[in-house]
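Colleague: What follows is the file model-v1.pdb, containing PDB, C-alpha atoms:
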ATOM      1  CA  MET A1219       0.000   0.000   0.000
ATOM      2  CA  SER A1220       1.401   3.375  -0.982
ATOM      3  CA  ARG A1221       1.953   5.988   1.636
ATOM      4  CA  PHE A1222      -0.720   8.217   0.030
ATOM      5  CA  ARG A1223      -3.290   5.480   0.489
ATOM      6  CA  SER A1224      -2.230   4.694   4.049
ATOM      7  CA  PRO A1225      -5.224   4.918   6.419
ATOM      8  CA  TRP A1226      -3.210   6.977   8.884
ATOM      9  CA  MET A1227      -2.155   9.424   6.172
ATOM     10  CA  SER A1228      -5.708   9.667   4.855
ATOM     11  CA  ILE A1229      -7.079  10.412   8.331
ATOM     12  CA  LEU A1230      -4.383  13.048   8.910
ATOM     13  CA  VAL A1231      -5.222  14.670   5.569
ATOM     14  CA  LEU A1232      -8.925  14.677   6.429
ATOM     15  CA  LEU A1233      -8.171  16.156   9.858
ATOM     16  CA  PHE A1234      -6.088  18.886   8.199
ATOM     17  CA  LEU A1235      -8.895  19.635   5.726
ATOM     18  CA  LEU A1236     -11.472  19.797   8.526
ATOM     19  CA  THR A1237      -9.269  22.163  10.532
ATOM     20  CA  THR A1238      -8.726  24.389   7.482
ATOM     21  CA  VAL A1239     -12.423  24.516   6.575
ATOM     22  CA  THR A1240     -13.297  25.219  10.238
ATOM     23  CA  LEU A1241     -10.944  28.201  10.381
ATOM     24  CA  ILE A1242     -12.391  29.540   7.135
ATOM     25  CA  SER A1243     -15.975  28.936   8.218
ATOM     26  CA  VAL A1244     -15.793  30.660  11.624
ATOM     27  CA  ASN A1245     -14.541  33.799   9.891
ATOM     28  CA  SER A1246     -16.999  33.742   6.960
ATOM     29  CA  GLY A1247     -20.525  35.062   6.744
ATOM     30  CA  ALA A1248     -22.603  38.186   6.210
ATOM     31  CA  LEU A1249     -20.300  39.872   8.734
ATOM     32  CA  SER A1250     -16.633  39.058   8.282
ATOM     33  CA  LEU A1251     -15.077  38.277  11.650
ATOM     34  CA  SER A1252     -11.359  37.737  11.370
ATOM     35  CA  PHE A1253      -9.274  36.633  14.324
ATOM     36  CA  HIS A1254      -7.475  39.979  14.093
ATOM     37  CA  THR A1255     -10.795  41.816  14.553
ATOM     38  CA  LEU A1256     -11.741  39.654  17.523
ATOM     39  CA  TRP A1257      -8.301  40.087  19.095
ATOM     40  CA  ASN A1258      -8.641  43.879  18.962
ATOM     41  CA  SER A1259     -12.213  43.855  20.316
ATOM     42  CA  ALA A1260     -13.371  43.733  23.894
ATOM     43  CA  PHE A1261     -14.880  40.417  24.950
ATOM     44  CA  ASP A1262     -18.331  41.951  25.441
ATOM     45  CA  ASP A1263     -18.396  43.705  22.043
ATOM     46  CA  MET A1264     -20.977  42.784  19.400
ATOM     47  CA  GLU A1265     -18.383  40.977  17.267
ATOM     48  CA  TRP A1266     -17.559  38.574  20.082
ATOM     49  CA  GLN A1267     -21.249  37.953  20.828
ATOM     50  CA  ILE A1268     -21.950  37.126  17.181
ATOM     51  CA  TRP A1269     -18.924  34.835  17.012
ATOM     52  CA  LEU A1270     -19.664  32.997  20.275
ATOM     53  CA  ASP A1271     -23.466  32.795  20.172
ATOM     54  CA  ILE A1272     -24.149  32.409  16.430
ATOM     55  CA  ARG A1273     -21.096  31.558  14.349
ATOM     56  CA  LEU A1274     -19.235  29.063  16.576
ATOM     57  CA  PRO A1275     -22.262  26.926  17.606
ATOM     58  CA  ARG A1276     -23.308  26.652  13.969
ATOM     59  CA  VAL A1277     -19.851  25.523  12.883
ATOM     60  CA  LEU A1278     -19.703  22.908  15.632
ATOM     61  CA  LEU A1279     -23.219  21.682  14.779
ATOM     62  CA  ALA A1280     -22.235  21.274  11.126
ATOM     63  CA  ILE A1281     -19.253  19.160  12.203
ATOM     64  CA  ILE A1282     -21.357  16.962  14.506
ATOM     65  CA  VAL A1283     -24.301  16.522  12.117
ATOM     66  CA  GLY A1284     -22.033  15.939   9.102
ATOM     67  CA  GLY A1285     -20.152  13.234  10.974
ATOM     68  CA  ALA A1286     -23.415  11.615  12.124
ATOM     69  CA  LEU A1287     -24.896  11.553   8.612
ATOM     70  CA  ALA A1288     -21.706  10.147   7.119
ATOM     71  CA  ILE A1289     -21.131   7.370   9.656
ATOM     72  CA  SER A1290     -24.798   6.321   9.504
ATOM     73  CA  GLY A1291     -24.399   5.989   5.741
ATOM     74  CA  ALA A1292     -21.223   3.945   6.188
ATOM     75  CA  ILE A1293     -23.034   1.643   8.629
ATOM     76  CA  MET A1294     -25.929   1.117   6.207
ATOM     77  CA  GLN A1295     -23.569   0.427   3.307
ATOM     78  CA  GLY A1296     -21.586  -2.040   5.380
ATOM     79  CA  LEU A1297     -24.713  -3.662   6.776
ATOM     80  CA  PHE A1298     -26.219  -4.294   3.348
ATOM     81  CA  ARG A1299     -22.825  -4.774   1.669
ATOM     82  CA  ASN A1300     -23.474  -2.269  -1.109
ATOM     83  CA  SER A1301     -22.277   1.282  -1.678
ATOM     84  CA  LEU A1302     -25.729   2.404  -2.890
ATOM     85  CA  ALA A1303     -27.374   1.917   0.509
ATOM     86  CA  ASP A1304     -28.140   5.166   2.294
ATOM     87  CA  PRO A1305     -30.472   6.232   5.137
ATOM     88  CA  GLY A1306     -32.213   8.657   2.768
ATOM     89  CA  LEU A1307     -32.711   6.127  -0.015
ATOM     90  CA  LEU A1308     -34.027   3.528   2.423
ATOM     91  CA  GLY A1309     -36.627   5.920   3.845
ATOM     92  CA  ILE A1310     -35.142   6.431   7.316
ATOM     93  CA  SER A1311     -34.804  10.194   6.813
ATOM     94  CA  SER A1312     -38.353  10.551   5.515
ATOM     95  CA  GLY A1313     -39.660   8.471   8.427
ATOM     96  CA  ALA A1314     -37.957  10.841  10.850
ATOM     97  CA  ALA A1315     -39.270  13.822   8.866
ATOM     98  CA  LEU A1316     -42.829  12.490   9.012
ATOM     99  CA  MET A1317     -42.764  12.302  12.798
ATOM    100  CA  VAL A1318     -41.424  15.858  13.021
ATOM    101  CA  ALA A1319     -44.149  17.026  10.630
ATOM    102  CA  ILE A1320     -46.752  15.444  12.903
ATOM    103  CA  VAL A1321     -45.342  17.325  15.900
ATOM    104  CA  ILE A1322     -45.170  20.659  14.049
ATOM    105  CA  ILE A1323     -48.534  20.562  12.295
ATOM    106  CA  LEU A1324     -50.929  18.557  14.471
ATOM    107  CA  PRO A1325     -52.214  20.271  17.636
ATOM    108  CA  PHE A1326     -50.199  18.403  20.235
ATOM    109  CA  SER A1327     -49.455  20.054  23.534
ATOM    110  CA  PHE A1328     -46.269  19.178  25.365
ATOM    111  CA  SER A1329     -45.024  20.141  28.765
ATOM    112  CA  PRO A1330     -42.392  22.895  28.700
ATOM    113  CA  ALA A1331     -39.762  20.399  29.849
ATOM    114  CA  PHE A1332     -40.429  18.076  26.879
ATOM    115  CA  ALA A1333     -41.282  20.659  24.199
ATOM    116  CA  PHE A1334     -37.609  21.474  23.579
ATOM    117  CA  TYR A1335     -36.756  17.800  23.022
ATOM    118  CA  SER A1336     -39.897  16.831  21.076
ATOM    119  CA  HIS A1337     -38.306  17.099  17.611
ATOM    120  CA  ILE A1338     -35.309  14.989  18.612
ATOM    121  CA  VAL A1339     -37.395  12.292  20.305
ATOM    122  CA  THR A1340     -40.020  12.033  17.558
ATOM    123  CA  ALA A1341     -37.449  12.081  14.752
ATOM    124  CA  PHE A1342     -35.598   9.235  16.453
ATOM    125  CA  ILE A1343     -38.834   7.251  16.818
ATOM    126  CA  GLY A1344     -39.691   7.757  13.149
ATOM    127  CA  GLY A1345     -36.235   6.752  11.971
ATOM    128  CA  LEU A1346     -36.216   3.721  14.248
ATOM    129  CA  ILE A1347     -39.618   2.496  13.000
ATOM    130  CA  VAL A1348     -38.508   2.681   9.366
ATOM    131  CA  ALA A1349     -35.154   1.067  10.222
ATOM    132  CA  MET A1350     -36.947  -1.865  11.834
ATOM    133  CA  ILE A1351     -39.204  -2.237   8.784
ATOM    134  CA  ILE A1352     -36.163  -2.206   6.503
ATOM    135  CA  PHE A1353     -34.409  -4.749   8.721
ATOM    136  CA  SER A1354     -37.448  -7.074   8.608
ATOM    137  CA  LEU A1355     -37.702  -6.770   4.837
ATOM    138  CA  HIS A1356     -33.988  -7.470   4.528
ATOM    139  CA  GLN A1357     -34.442 -10.690   6.500
ATOM    140  CA  LEU A1358     -37.477 -11.776   4.475
ATOM    141  CA  SER A1359     -35.844 -11.031   1.112
ATOM    142  CA  ASP A1360     -32.643 -12.990   1.902
ATOM    143  CA  GLY A1361     -30.524  -9.880   1.431
ATOM    144  CA  ASN A1362     -31.802  -9.037  -2.073
ATOM    145  CA  LEU A1363     -30.628  -5.444  -2.476
ATOM    146  CA  ALA A1364     -32.797  -4.594  -5.482
ATOM    147  CA  ARG A1365     -35.940  -5.555  -3.583
ATOM    148  CA  LEU A1366     -34.732  -3.701  -0.522
ATOM    149  CA  LEU A1367     -34.069  -0.488  -2.448
ATOM    150  CA  LEU A1368     -37.490  -0.716  -4.075
ATOM    151  CA  ALA A1369     -39.039  -1.182  -0.641
ATOM    152  CA  GLY A1370     -37.110   1.848   0.588
ATOM    153  CA  ILE A1371     -38.401   3.906  -2.345
ATOM    154  CA  ALA A1372     -41.951   2.782  -1.551
ATOM    155  CA  ILE A1373     -41.577   3.659   2.151
ATOM    156  CA  ASN A1374     -40.068   6.992   1.208
ATOM    157  CA  ALA A1375     -42.971   7.743  -1.143
ATOM    158  CA  LEU A1376     -45.511   6.716   1.500
ATOM    159  CA  CYS A1377     -43.947   8.944   4.153
ATOM    160  CA  MET A1378     -43.745  11.861   1.730
ATOM    161  CA  SER A1379     -47.419  11.370   0.837
ATOM    162  CA  PHE A1380     -48.399  11.627   4.496
ATOM    163  CA  ILE A1381     -46.156  14.687   4.790
ATOM    164  CA  GLY A1382     -48.000  16.180   1.802
ATOM    165  CA  VAL A1383     -51.350  15.608   3.503
ATOM    166  CA  LEU A1384     -50.111  17.255   6.694
ATOM    167  CA  SER A1385     -48.721  20.179   4.694
ATOM    168  CA  TYR A1386     -52.087  20.604   2.963
ATOM    169  CA  ILE A1387     -53.965  20.961   6.270
ATOM    170  CA  SER A1388     -51.321  23.148   7.912
ATOM    171  CA  THR A1389     -51.487  26.886   8.483
ATOM    172  CA  ASP A1390     -49.242  29.254   6.522
ATOM    173  CA  GLN A1391     -46.908  29.637   9.478
ATOM    174  CA  GLN A1392     -46.661  25.875  10.054
ATOM    175  CA  LEU A1393     -46.136  25.234   6.335
ATOM    176  CA  ARG A1394     -43.335  27.761   6.109
ATOM    177  CA  GLN A1395     -41.681  26.402   9.242
ATOM    178  CA  PHE A1396     -41.813  22.832   7.987
ATOM    179  CA  SER A1397     -40.813  23.703   4.394
ATOM    180  CA  LEU A1398     -37.688  25.490   5.568
ATOM    181  CA  TRP A1399     -36.926  22.598   7.893
ATOM    182  CA  MET A1400     -37.301  20.080   5.042
ATOM    183  CA  MET A1401     -34.737  21.961   2.943
ATOM    184  CA  GLY A1402     -32.143  21.532   5.665
ATOM    185  CA  SER A1403     -30.662  24.336   7.704
ATOM    186  CA  LEU A1404     -28.208  24.772  10.547
ATOM    187  CA  SER A1405     -29.285  28.310  11.408
ATOM    188  CA  GLN A1406     -31.553  27.474  14.366
ATOM    189  CA  ILE A1407     -28.873  26.604  16.861
ATOM    190  CA  ASP A1408     -27.794  27.628  20.334
ATOM    191  CA  TRP A1409     -25.460  26.186  22.925
ATOM    192  CA  LYS A1410     -28.259  24.256  24.634
ATOM    193  CA  THR A1411     -29.221  22.460  21.415
ATOM    194  CA  LEU A1412     -25.564  21.858  20.623
ATOM    195  CA  SER A1413     -24.951  20.317  24.033
ATOM    196  CA  ILE A1414     -27.820  17.870  23.500
ATOM    197  CA  ALA A1415     -26.479  16.943  20.060
ATOM    198  CA  THR A1416     -23.028  16.408  21.518
ATOM    199  CA  LEU A1417     -24.252  14.250  24.389
ATOM    200  CA  VAL A1418     -26.173  11.969  21.997
ATOM    201  CA  ILE A1419     -24.280  11.861  18.708
ATOM    202  CA  ILE A1420     -20.694  11.622  19.958
ATOM    203  CA  PRO A1421     -21.224   8.618  22.304
ATOM    204  CA  VAL A1422     -23.321   6.819  19.683
ATOM    205  CA  SER A1423     -20.642   7.439  17.051
ATOM    206  CA  ILE A1424     -18.015   6.014  19.409
ATOM    207  CA  LEU A1425     -20.199   2.936  19.978
ATOM    208  CA  ALA A1426     -20.574   2.554  16.208
ATOM    209  CA  CYS A1427     -16.785   2.668  15.762
ATOM    210  CA  TRP A1428     -16.544   0.067  18.530
ATOM    211  CA  GLN A1429     -18.648  -2.239  16.310
ATOM    212  CA  SER A1430     -16.255  -1.902  13.364
ATOM    213  CA  HIS A1431     -14.734  -5.394  13.768
ATOM    214  CA  LYS A1432     -18.195  -6.963  13.781
ATOM    215  CA  LEU A1433     -19.127  -4.930  10.713
ATOM    216  CA  ASN A1434     -16.023  -6.323   9.008
ATOM    217  CA  LEU A1435     -17.176  -9.875   9.796
ATOM    218  CA  LEU A1436     -20.582  -9.155   8.239
ATOM    219  CA  GLN A1437     -18.814  -8.398   4.953
ATOM    220  CA  LEU A1438     -17.967 -12.104   4.730
ATOM    221  CA  GLY A1439     -21.655 -13.020   4.646
ATOM    222  CA  ASP A1440     -24.107 -13.932   7.393
ATOM    223  CA  GLU A1441     -23.229 -17.635   7.383
ATOM    224  CA  GLU A1442     -19.478 -17.103   7.565
ATOM    225  CA  ALA A1443     -19.876 -14.471  10.284
ATOM    226  CA  HIS A1444     -22.024 -16.901  12.278
ATOM    227  CA  TYR A1445     -19.383 -19.636  11.998
ATOM    228  CA  LEU A1446     -16.792 -17.143  13.279
ATOM    229  CA  GLY A1447     -18.822 -16.706  16.462
ATOM    230  CA  LEU A1448     -20.791 -13.548  15.632
ATOM    231  CA  ASN A1449     -24.416 -13.212  16.718
ATOM    232  CA  VAL A1450     -25.517 -11.914  13.317
ATOM    233  CA  ARG A1451     -29.097 -10.954  14.145
ATOM    234  CA  ARG A1452     -28.181  -9.086  17.336
ATOM    235  CA  THR A1453     -25.273  -7.312  15.634
ATOM    236  CA  LYS A1454     -27.467  -6.156  12.767
ATOM    237  CA  PHE A1455     -30.094  -4.941  15.213
ATOM    238  CA  ILE A1456     -27.495  -2.954  17.187
ATOM    239  CA  LEU A1457     -26.046  -1.403  14.030
ATOM    240  CA  LEU A1458     -29.491  -0.457  12.733
ATOM    241  CA  LEU A1459     -30.371   1.020  16.113
ATOM    242  CA  LEU A1460     -27.182   3.104  16.192
ATOM    243  CA  SER A1461     -27.781   4.283  12.635
ATOM    244  CA  ALA A1462     -31.389   5.210  13.447
ATOM    245  CA  ILE A1463     -30.289   7.215  16.498
ATOM    246  CA  LEU A1464     -27.685   9.097  14.458
ATOM    247  CA  ILE A1465     -29.935   9.876  11.510
ATOM    248  CA  GLY A1466     -32.887  10.679  13.759
ATOM    249  CA  CYS A1467     -30.882  13.188  15.793
ATOM    250  CA  ALA A1468     -29.292  14.688  12.680
ATOM    251  CA  VAL A1469     -32.666  15.149  10.966
ATOM    252  CA  ALA A1470     -34.196  16.622  14.126
ATOM    253  CA  LEU A1471     -31.405  19.161  14.518
ATOM    254  CA  SER A1472     -30.841  20.198  10.917
ATOM    255  CA  GLY A1473     -33.764  19.018   8.792
ATOM    256  CA  VAL A1474     -33.364  16.719   5.809
ATOM    257  CA  ILE A1475     -29.830  17.001   4.391
ATOM    258  CA  GLY A1476     -29.340  14.434   1.678
ATOM    259  CA  PHE A1477     -26.425  12.609   0.084
ATOM    260  CA  ILE A1478     -23.834  13.118   2.861
ATOM    261  CA  GLY A1479     -24.390   9.512   3.948
ATOM    262  CA  LEU A1480     -24.062   8.291   0.358
ATOM    263  CA  VAL A1481     -21.214  10.316  -1.111
ATOM    264  CA  VAL A1482     -18.737  10.494   1.763
ATOM    265  CA  PRO A1483     -18.483   6.775   2.719
ATOM    266  CA  HIS A1484     -18.093   5.786  -0.914
ATOM    267  CA  LEU A1485     -15.312   8.306  -1.532
ATOM    268  CA  ILE A1486     -13.491   7.295   1.663
ATOM    269  CA  ARG A1487     -13.852   3.604   0.776
ATOM    270  CA  MET A1488     -12.295   4.256  -2.647
ATOM    271  CA  ARG A1489      -9.299   5.821  -0.902
ATOM    272  CA  ILE A1490      -8.586   3.586   2.128
ATOM    273  CA  GLY A1491     -10.545   0.403   1.447
ATOM    274  CA  SER A1492     -13.385  -1.360   3.244
ATOM    275  CA  ASN A1493     -11.798  -2.006   6.633
ATOM    276  CA  HIS A1494     -14.350  -0.357   8.923
ATOM    277  CA  VAL A1495     -11.771   0.090  11.679
ATOM    278  CA  TRP A1496     -10.368   2.907   9.518
ATOM    279  CA  LEU A1497     -13.396   3.621   7.365
ATOM    280  CA  LEU A1498     -15.767   4.733  10.143
ATOM    281  CA  PRO A1499     -13.531   7.377  11.794
ATOM    282  CA  ALA A1500     -12.351   8.617   8.400
ATOM    283  CA  THR A1501     -15.966   8.876   7.271
ATOM    284  CA  ILE A1502     -16.829  11.003  10.316
ATOM    285  CA  LEU A1503     -14.070  13.458   9.402
ATOM    286  CA  GLY A1504     -15.075  13.471   5.734
ATOM    287  CA  GLY A1505     -18.756  14.043   6.479
ATOM    288  CA  ALA A1506     -17.975  16.840   8.920
ATOM    289  CA  THR A1507     -15.720  18.532   6.368
ATOM    290  CA  LEU A1508     -18.211  18.259   3.499
ATOM    291  CA  LEU A1509     -21.227  19.535   5.454
ATOM    292  CA  LEU A1510     -19.226  22.372   7.013
ATOM    293  CA  ALA A1511     -17.984  23.424   3.559
ATOM    294  CA  ALA A1512     -21.536  23.234   2.154
ATOM    295  CA  ASP A1513     -22.915  25.274   5.063
ATOM    296  CA  THR A1514     -20.203  27.891   4.594
ATOM    297  CA  LEU A1515     -21.191  28.179   0.929
ATOM    298  CA  SER A1516     -24.885  28.350   1.827
ATOM    299  CA  ARG A1517     -24.410  31.452   3.974
ATOM    300  CA  THR A1518     -21.815  33.238   1.818
ATOM    301  CA  LEU A1519     -22.841  32.696  -1.828
ATOM    302  CA  VAL A1520     -25.807  35.111  -1.719
ATOM    303  CA  SER A1521     -24.947  36.955   1.508
ATOM    304  CA  PRO A1522     -26.730  38.461   3.431
ATOM    305  CA  ALA A1523     -29.410  35.969   2.312
ATOM    306  CA  GLU A1524     -28.909  32.251   2.909
ATOM    307  CA  ILE A1525     -29.407  29.158   0.753
ATOM    308  CA  PRO A1526     -30.704  26.079   2.619
ATOM    309  CA  VAL A1527     -27.733  23.766   3.045
ATOM    310  CA  GLY A1528     -29.799  20.763   1.918
ATOM    311  CA  LEU A1529     -30.015  22.323  -1.538
ATOM    312  CA  ILE A1530     -26.227  22.651  -1.696
ATOM    313  CA  THR A1531     -25.630  19.018  -0.739
ATOM    314  CA  GLY A1532     -28.323  17.929  -3.204
ATOM    315  CA  LEU A1533     -26.572  19.775  -6.043
ATOM    316  CA  ILE A1534     -23.349  17.991  -5.078
ATOM    317  CA  GLY A1535     -24.750  14.553  -4.347
ATOM    318  CA  GLY A1536     -27.368  14.208  -7.091
ATOM    319  CA  PRO A1537     -24.949  14.130 -10.043
ATOM    320  CA  TYR A1538     -22.539  11.941  -8.071
ATOM    321  CA  PHE A1539     -25.278   9.433  -7.273
ATOM    322  CA  LEU A1540     -26.305   9.308 -10.945
ATOM    323  CA  TRP A1541     -22.690   8.682 -11.945
ATOM    324  CA  LEU A1542     -22.387   5.996  -9.267
ATOM    325  CA  ILE A1543     -25.438   4.161 -10.593
ATOM    326  CA  LEU A1544     -24.322   4.365 -14.232
ATOM    327  CA  ARG A1545     -20.848   3.010 -13.502
ATOM    328  CA  GLN A1546     -22.181  -0.035 -11.600
ATOM    329  CA  PRO A1547     -22.235  -3.223 -13.714
ATOM    330  CA  ALA A1548     -25.791  -4.477 -14.250
ATOM    331  CA  GLY A1549     -25.111  -7.692 -12.330
ATOM    332  CA  ARG A1550     -23.998  -5.867  -9.192
ATOM    333  CA  MET A1551     -27.239  -3.859  -8.995
ATOM    334  CA  SER A1552     -29.051  -7.002  -7.896
TER     335      SER A1552
END
As structure tokens - that is how I would like this structure written.
Modeller:
Amino acid sequence: MSRFRSPWMSILVLLFLLTTVTLISVNSGALSLSFHTLWNSAFDDMEWQIWLDIRLPRVLLAIIVGGALAISGAIMQGLFRNSLADPGLLGISSGAALMVAIVIILPFSFSPAFAFYSHIVTAFIGGLIVAMIIFSLHQLSDGNLARLLLAGIAINALCMSFIGVLSYISTDQQLRQFSLWMMGSLSQIDWKTLSIATLVIIPVSILACWQSHKLNLLQLGDEEAHYLGLNVRRTKFILLLLSAILIGCAVALSGVIGFIGLVVPHLIRMRIGSNHVWLLPATILGGATLLLAADTLSRTLVSPAEIPVGLITGLIGGPYFLWLILRQPAGRMS
């Protein structure tokens, strides 16, 4: 293996890219805030308040959500042993979105203590329900990917139909709130929300990396993994649960941001191979870098206005996904 393709070198390069994009991002926006400006300002000046209360939490959220989306995609691709698997394509994102739409549009009343967490909890429940359906279908179809992807498309269409019905009966304010949320945005963030995201996503991501050896065994096939002492059904359930938690939290915090979980794991796998011991942490860094770069573009391209970050990732991921499908041999699609 060449030094350029070494997993350690690839992770160091990704860490350098993430650091560079982070430094650019915290200083970019409608108001340019360079480190020189902050150094010459008093700590209680407006520049510091904008940087600490708006700019920095948003940058950190982009890193956390990007890593969560990417590693959940890597888990799904490893679980189903195909680079086309993705939480969005399999309907997990739309399931989480449907539950959030129900909370936003239907007249539920929550206690003040739970109201702040309602989006996170309901998005997780929606993602988990769809993940369990996908897992059951995967078991019944003997791992047939084509049937599984078709089932995911059907579930996605069904969830989007229910979302359409809810949007139709919503008020103008509810419709605007949900429409902006569906496009994906990292603008509604504060330190309290960020702390919740950190306390959930980071430990779950660590647990997912801890399962990397078991995910490697699953690449050999269910029967071979069983003969090597792996409890295949329990391992798949744990991996699906971890993926559902990650995608549910990410969708709840940022809305529907597509293609991060598809593009990043595939690109990292092309560079360092399919060993999930290296692939999962590298994917976290790659996803964080890509989403942070997309979010920086979304708030600087048409400044002082802002483009929803989900549109940016869609413009990047859509053509890549089409190219990925066209380059797959016909036999591998099934």
Colleague: Which residue gives the smallest distance to Trp1269 in chain A among A:Val1450, A:Leu1425, A:Val1244, A:Ile1371, with all atoms listed in the file counted?
Modeller: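 Of all the options, A:Val1244 lies closest to Trp1269 in chain A.
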Colleague: What is the distance between CA of Gly1505 in chain A and CA of Ile1289 in chain A, in Å to one decimal?
Modeller: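 Taking CA of Gly1505 in chain A and CA of Ile1289 in chain A, their separation equals 7.8 Å.
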Colleague: So what do you get for CA of Val1418 in chain A versus CA of Ile1338 in chain A, distance-wise?
Modeller: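 Separation of CA of Val1418 in chain A and CA of Ile1338 in chain A: 10.2 Å.
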Colleague: Taking only residues of range 1455-1499 of chain A that have an atom at most 9 Å from an atom of range 1294-1313 of chain A, what is each one's shortest atom pair and its distance in Å to one decimal, using only C-alpha atoms, in chain and number order, as a Markdown table?
Modeller:
| residue | atom | partner | partner_atom | distance |
| --- | --- | --- | --- | --- |
| A:Leu1457 | CA | A:Leu1297 | CA | 7.7 |
| A:Leu1458 | CA | A:Met1294 | CA | 7.6 |
| A:Ser1461 | CA | A:Met1294 | CA | 7.4 |
| A:Ala1462 | CA | A:Ile1310 | CA | 7.3 |
| A:Ile1465 | CA | A:Ser1311 | CA | 6.8 |
| A:Gly1466 | CA | A:Ser1311 | CA | 7.2 |
| A:Val1469 | CA | A:Ser1311 | CA | 6.8 |
| A:Val1474 | CA | A:Ser1311 | CA | 6.8 |
| A:Ile1475 | CA | A:Ser1311 | CA | 8.8 |
| A:Gly1476 | CA | A:Gly1306 | CA | 6.5 |
| A:Phe1477 | CA | A:Gly1306 | CA | 7.5 |
| A:Gly1479 | CA | A:Asp1304 | CA | 6.0 |
| A:Leu1480 | CA | A:Asp1304 | CA | 5.5 |
| A:Pro1483 | CA | A:Ser1301 | CA | 8.0 |
| A:His1484 | CA | A:Ser1301 | CA | 6.2 |
| A:Ser1492 | CA | A:Gly1296 | CA | 8.5 |
| A:His1494 | CA | A:Gly1296 | CA | 8.2 |
Colleague: Would you compute the distance between CA of Thr1240 in chain A and CA of Gly1345 in chain A? Give it in Å to one decimal.
Modeller: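 Distance between the two atoms: 29.5 Å.
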Colleague: A:Ala1523, A:Ile1478, A:Val1495, A:Met1350: which is nearest Ile1456 in chain A, counting all atoms listed in the file?
Modeller: A:Met1350
Colleague: Near range 1223-1232 of chain A, within 7 Å and counting only C-alpha atoms, which residues show up once chain neighbours fewer than 5 positions away are dropped, as a list in words?
Modeller: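 The filter keeps Arg1489, Ile1490, Trp1496, Ala1500, Leu1503 and Gly1504 of chain A.
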Colleague: Given the choices A:Gly1402, A:Gln1392, A:Arg1451, A:Ala1319, which gets closest to Phe1380 in chain A if the distance is worked out from all atoms listed in the file?
Modeller: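 For Phe1380 in chain A, the nearest of the candidates is A:Ala1319.
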Colleague: Looking at only C-alpha atoms, which of A:Gln1391, A:Ser1385, A:Ser1472, A:Ser1403 is the one that sits closest to Leu1529 in chain A?
Modeller: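 Once distances to Leu1529 in chain A are computed over only C-alpha atoms, the minimum belongs to A:Ser1403.
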Colleague: Let me make sure I understand: among A:Asn1374, A:Gly1447, A:Leu1544, A:Ser1423, which one has the smallest atom-to-atom distance to Thr1501 in chain A if we use all atoms listed in the file?
Modeller: A:Ser1423
Colleague: Point out the residue among A:Thr1453, A:Ser1516, A:Thr1531, A:Thr1340 with the least atom-to-atom distance to Asn1434 in chain A, counting all atoms listed in the file.
Modeller: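 Going through A:Thr1453, A:Ser1516, A:Thr1531, A:Thr1340 one by one, the smallest distance to Asn1434 in chain A is for A:Thr1453.
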Colleague: As a check of understanding, name the residues that the PyMOL selection byres ((chain A and resi 1517-1521) around 12) selects in the supplied structure, as an MDAnalysis selection string.
Modeller: chainID A and resid 1242:1250 1273 1276:1277 1403:1405 1510:1516 1522:1527 1530
Colleague: Around the point (-22.3, 9.4, -10.1) in the file's coordinates, collect all residues with an atom within 12 Å, using only C-alpha atoms, and return them as a list in words.
Modeller: Ser1301, Leu1302, Phe1477, Leu1480, Val1481, His1484, Leu1485, Leu1533, Ile1534, Gly1535, Gly1536, Pro1537, Tyr1538, Phe1539, Leu1540, Trp1541, Leu1542, Ile1543, Leu1544, Arg1545 and Gln1546 of chain A
Colleague: When the PyMOL selection byres ((chain A and resi 1383) around 12) is applied to the structure above, which residues does it catch, written out as a VMD selection string?
Modeller: chain A and resid 1316 1319 to 1320 1323 to 1324 1376 to 1382 1384 to 1388 1393
Colleague: Tell me which residues come within 7 Å of (-35.3, -0.3, 13.6), as an mmCIF file with C-alpha atoms, keeping the file's coordinate frame, counting all atoms listed in the file in the file's coordinates.
Modeller:
data_model
loop_
_atom_site.group_PDB
_atom_site.id
_atom_site.type_symbol
_atom_site.label_atom_id
_atom_site.label_comp_id
_atom_site.auth_asym_id
_atom_site.auth_seq_id
_atom_site.Cartn_x
_atom_site.Cartn_y
_atom_site.Cartn_z
ATOM 1 C CA LEU A 1346 -36.216 3.721 14.248
ATOM 2 C CA ILE A 1347 -39.618 2.496 13.000
ATOM 3 C CA VAL A 1348 -38.508 2.681 9.366
ATOM 4 C CA ALA A 1349 -35.154 1.067 10.222
ATOM 5 C CA MET A 1350 -36.947 -1.865 11.834
ATOM 6 C CA ILE A 1351 -39.204 -2.237 8.784
ATOM 7 C CA PHE A 1353 -34.409 -4.749 8.721
ATOM 8 C CA LEU A 1458 -29.491 -0.457 12.733
ATOM 9 C CA LEU A 1459 -30.371 1.020 16.113
ATOM 10 C CA ALA A 1462 -31.389 5.210 13.447
#
